[in-house]
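Enquirer: Quick one: the structure is below, questions incoming.
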Amino acid sequence: MLCMSHMFSAFCLWSLFNSTSGVSGYKLSCHGFCSLPLLGPADGILRHILPLILASLPTSVAAMAFWYLYHNCSSERKATGRNLCFLLASIVLGVFNASLHDPIS
């Protein structure tokens, strides 16, 4: 489950960083609160590695939020509902993480 949430967050960032043409780079804007440049026009390999690193934050937030539920899980009960909630929370956090980045034109 943890790997699935990490890969979904990374796929959101990969699609953002590699999809648009005519963009000279990307910055971390946090919806207008800051402006930190992340990628420039010549950062080809970094466009593939940086999403794996940036996806660790929403994955760890979702994992820490659901750690208590998985820690107290007994083997008699199924964890299907917990897994679904964990994946939905990871999807929301992954999309929110991708929305924090804006293109530099």
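Just remember, in the structure tokens the first chain shown is A, the second B, etc., residues are 1-based per chain, and ligands are 1-based in the order shown.
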Could you pull out all residues of stretch 9-49 of chain A with a DSSP call of helix (DSSP H, G or I) and give them as a PyMOL selection string?
Expert: chain A and resi 9-19+30-32+46-49
Enquirer: Give me, as JSON, numbers by chain, all polymer residues having an atom no more than 9 Å from A:His101, counting only C-alpha atoms and skipping those fewer than 6 positions away in the same chain.
Expert: {"A": [13, 16, 26, 27, 28, 29, 30, 31, 38]}
Enquirer: Using N, CA, C and O atoms, can you write the selected residues to a file as an mmCIF file, in the first residue's frame?
Expert:
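What landed in out12.cif:
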```
data_model
loop_
_atom_site.group_PDB
_atom_site.id
_atom_site.type_symbol
_atom_site.label_atom_id
_atom_site.label_comp_id
_atom_site.auth_asym_id
_atom_site.auth_seq_id
_atom_site.Cartn_x
_atom_site.Cartn_y
_atom_site.Cartn_z
ATOM 1 N N LEU A 13 3.635 13.812 -10.382
ATOM 2 C CA LEU A 13 4.714 14.775 -10.618
ATOM 3 C C LEU A 13 5.409 14.520 -11.946
ATOM 4 O O LEU A 13 5.796 15.460 -12.637
ATOM 5 N N LEU A 16 3.370 15.993 -14.640
ATOM 6 C CA LEU A 16 3.455 17.455 -14.617
ATOM 7 C C LEU A 16 4.769 17.936 -15.208
ATOM 8 O O LEU A 16 4.794 18.825 -16.052
ATOM 9 N N TYR A 26 10.336 24.590 -13.766
ATOM 10 C CA TYR A 26 9.267 24.519 -12.771
ATOM 11 C C TYR A 26 9.758 25.104 -11.456
ATOM 12 O O TYR A 26 10.947 25.075 -11.151
ATOM 13 N N LYS A 27 8.819 25.628 -10.700
ATOM 14 C CA LYS A 27 9.135 26.201 -9.396
ATOM 15 C C LYS A 27 8.139 25.677 -8.374
ATOM 16 O O LYS A 27 7.025 25.287 -8.705
ATOM 17 N N LEU A 28 8.556 25.651 -7.144
ATOM 18 C CA LEU A 28 7.673 25.319 -6.028
ATOM 19 C C LEU A 28 7.028 26.624 -5.598
ATOM 20 O O LEU A 28 7.686 27.516 -5.087
ATOM 21 N N SER A 29 5.723 26.738 -5.842
ATOM 22 C CA SER A 29 5.065 28.017 -5.569
ATOM 23 C C SER A 29 4.182 27.981 -4.333
ATOM 24 O O SER A 29 3.867 29.026 -3.785
ATOM 25 N N CYS A 30 3.752 26.810 -3.893
ATOM 26 C CA CYS A 30 2.877 26.652 -2.715
ATOM 27 C C CYS A 30 1.653 27.551 -2.815
ATOM 28 O O CYS A 30 1.296 28.248 -1.870
ATOM 29 N N HIS A 31 1.040 27.572 -3.990
ATOM 30 C CA HIS A 31 -0.158 28.358 -4.273
ATOM 31 C C HIS A 31 0.061 29.844 -4.040
ATOM 32 O O HIS A 31 -0.804 30.552 -3.541
ATOM 33 N N LEU A 38 12.911 24.887 -9.130
ATOM 34 C CA LEU A 38 13.309 23.487 -8.979
ATOM 35 C C LEU A 38 14.031 22.951 -10.199
ATOM 36 O O LEU A 38 15.068 22.317 -10.081
#
```
Enquirer: Calculate how many Å separate atom CA of A:Gly44 from atom CA of A:Ser60, rounding to one decimal.
Expert: 26.6 Å
Enquirer: Please provide the set of residues having any atom within 9 Å of A:Phe66, restricted to only C-alpha atoms, with same-chain residues fewer than 5 positions apart removed, written as an NGL selection string.
Expert: :A and (61 or 71 or 82 or 85-86)
Enquirer: What does the distance from atom CA of A:Ser90 to atom CA of A:Trp14 come to in Å, to one decimal?
Expert: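 Computing the Euclidean distance for atom CA of A:Ser90 and atom CA of A:Trp14 yields 16.2 Å.
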Enquirer: Using only C-alpha atoms, which protein or nucleic acid residues come within 12 Å of A:Pro51? Drop anything in the same chain fewer than 4 positions from it, and give the result as a VMD selection string.
Expert: chain A and resid 6 to 18 26 38 to 39 45 to 47 55 to 58 94 97 to 98 101
Enquirer: Using only N, CA and C atoms, please write the residues we just selected to a file, as a short mmCIF file (atom, residue, chain, number, x, y, z; two decimals), in the first residue's frame.
Expert:
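File out-v1.cif, as written:
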```cif
data_model
loop_
_atom_site.label_atom_id
_atom_site.label_comp_id
_atom_site.auth_asym_id
_atom_site.auth_seq_id
_atom_site.Cartn_x
_atom_site.Cartn_y
_atom_site.Cartn_z
N HIS A 6 3.16 5.95 -2.94
CA HIS A 6 4.37 6.66 -3.36
C HIS A 6 4.44 6.75 -4.88
N MET A 7 4.13 5.67 -5.56
CA MET A 7 4.19 5.67 -7.02
C MET A 7 3.10 6.56 -7.63
N PHE A 8 1.92 6.62 -7.02
CA PHE A 8 0.89 7.52 -7.54
C PHE A 8 1.33 8.97 -7.41
N SER A 9 1.92 9.34 -6.30
CA SER A 9 2.41 10.70 -6.12
C SER A 9 3.52 11.01 -7.12
N ALA A 10 4.39 10.04 -7.34
CA ALA A 10 5.48 10.23 -8.30
C ALA A 10 4.93 10.34 -9.73
N PHE A 11 3.92 9.55 -10.08
CA PHE A 11 3.33 9.63 -11.41
C PHE A 11 2.65 10.98 -11.65
N CYS A 12 2.03 11.52 -10.62
CA CYS A 12 1.43 12.86 -10.76
C CYS A 12 2.51 13.90 -11.07
N LEU A 13 3.64 13.81 -10.38
CA LEU A 13 4.71 14.78 -10.62
C LEU A 13 5.41 14.52 -11.95
N TRP A 14 5.59 13.26 -12.32
CA TRP A 14 6.20 12.95 -13.63
C TRP A 14 5.35 13.50 -14.76
N SER A 15 4.05 13.32 -14.65
CA SER A 15 3.18 13.82 -15.71
C SER A 15 3.21 15.35 -15.76
N LEU A 16 3.37 15.99 -14.64
CA LEU A 16 3.46 17.46 -14.62
C LEU A 16 4.77 17.94 -15.21
N PHE A 17 5.88 17.34 -14.79
CA PHE A 17 7.19 17.81 -15.21
C PHE A 17 7.53 17.46 -16.65
N ASN A 18 6.94 16.43 -17.21
CA ASN A 18 7.32 15.99 -18.55
C ASN A 18 6.26 16.21 -19.61
N TYR A 26 10.34 24.59 -13.77
CA TYR A 26 9.27 24.52 -12.77
C TYR A 26 9.76 25.10 -11.46
N LEU A 38 12.91 24.89 -9.13
CA LEU A 38 13.31 23.49 -8.98
C LEU A 38 14.03 22.95 -10.20
N LEU A 39 13.45 23.18 -11.37
CA LEU A 39 13.98 22.62 -12.60
C LEU A 39 14.20 23.73 -13.62
N ILE A 45 17.73 14.88 -16.65
CA ILE A 45 17.73 13.71 -15.76
C ILE A 45 17.04 14.04 -14.45
N LEU A 46 17.11 15.30 -14.05
CA LEU A 46 16.47 15.71 -12.80
C LEU A 46 14.95 15.66 -12.90
N ARG A 47 14.41 15.79 -14.12
CA ARG A 47 12.95 15.70 -14.32
C ARG A 47 12.44 14.29 -14.03
N ALA A 55 7.86 12.97 -3.98
CA ALA A 55 6.70 12.15 -3.64
C ALA A 55 6.80 11.52 -2.26
N SER A 56 7.95 11.60 -1.64
CA SER A 56 8.10 10.98 -0.32
C SER A 56 7.35 11.75 0.77
N LEU A 57 7.17 13.05 0.60
CA LEU A 57 6.46 13.83 1.63
C LEU A 57 4.99 13.46 1.76
N PRO A 58 4.18 13.43 0.67
CA PRO A 58 2.79 13.02 0.87
C PRO A 58 2.65 11.55 1.27
N GLY A 94 -1.34 13.23 -3.03
CA GLY A 94 -0.49 13.23 -4.22
C GLY A 94 -0.89 14.31 -5.22
N ASN A 97 0.06 17.66 -3.74
CA ASN A 97 1.49 17.87 -3.86
C ASN A 97 1.85 18.32 -5.27
N ALA A 98 1.22 17.73 -6.28
CA ALA A 98 1.49 18.14 -7.65
C ALA A 98 0.98 19.55 -7.93
N HIS A 101 3.33 22.91 -7.54
CA HIS A 101 4.39 23.24 -8.49
C HIS A 101 3.79 23.95 -9.71
#
```
Enquirer: DSSP says strand (DSSP E or B) for which residues of stretch 15-100 of chain A? Put them as a PyMOL selection string?
Expert: chain A and resi 25-28+36-39
Enquirer: Report, in Å with one decimal, the straight-line distance from atom CA of A:Cys3 to atom CA of A:Leu50.
Expert: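 Pair atom CA of A:Cys3 / atom CA of A:Leu50 returns 16.7 Å.
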Enquirer: Can you pull out every residue within 8 Å of A:Leu87, counting only C-alpha atoms, but drop anything in the same chain fewer than 6 positions away, and send it as an MDAnalysis selection string?
Expert: chainID A and resid 1 4:5
Enquirer: Selected residues, N, CA and C atoms, written as a compact mmCIF listing (two decimals), in the first residue's frame, please.
Expert:
```txt
# COMPACT_ATOMS: atom_id res chain seq x y z
N MET A 1 0.83 -1.19 0.00
CA MET A 1 0.00 0.00 0.00
C MET A 1 0.87 1.26 0.00
N MET A 4 2.28 1.78 -3.46
CA MET A 4 1.26 2.28 -4.38
C MET A 4 1.02 3.77 -4.19
N SER A 5 0.97 4.22 -2.95
CA SER A 5 0.75 5.65 -2.72
C SER A 5 1.96 6.48 -3.15
```
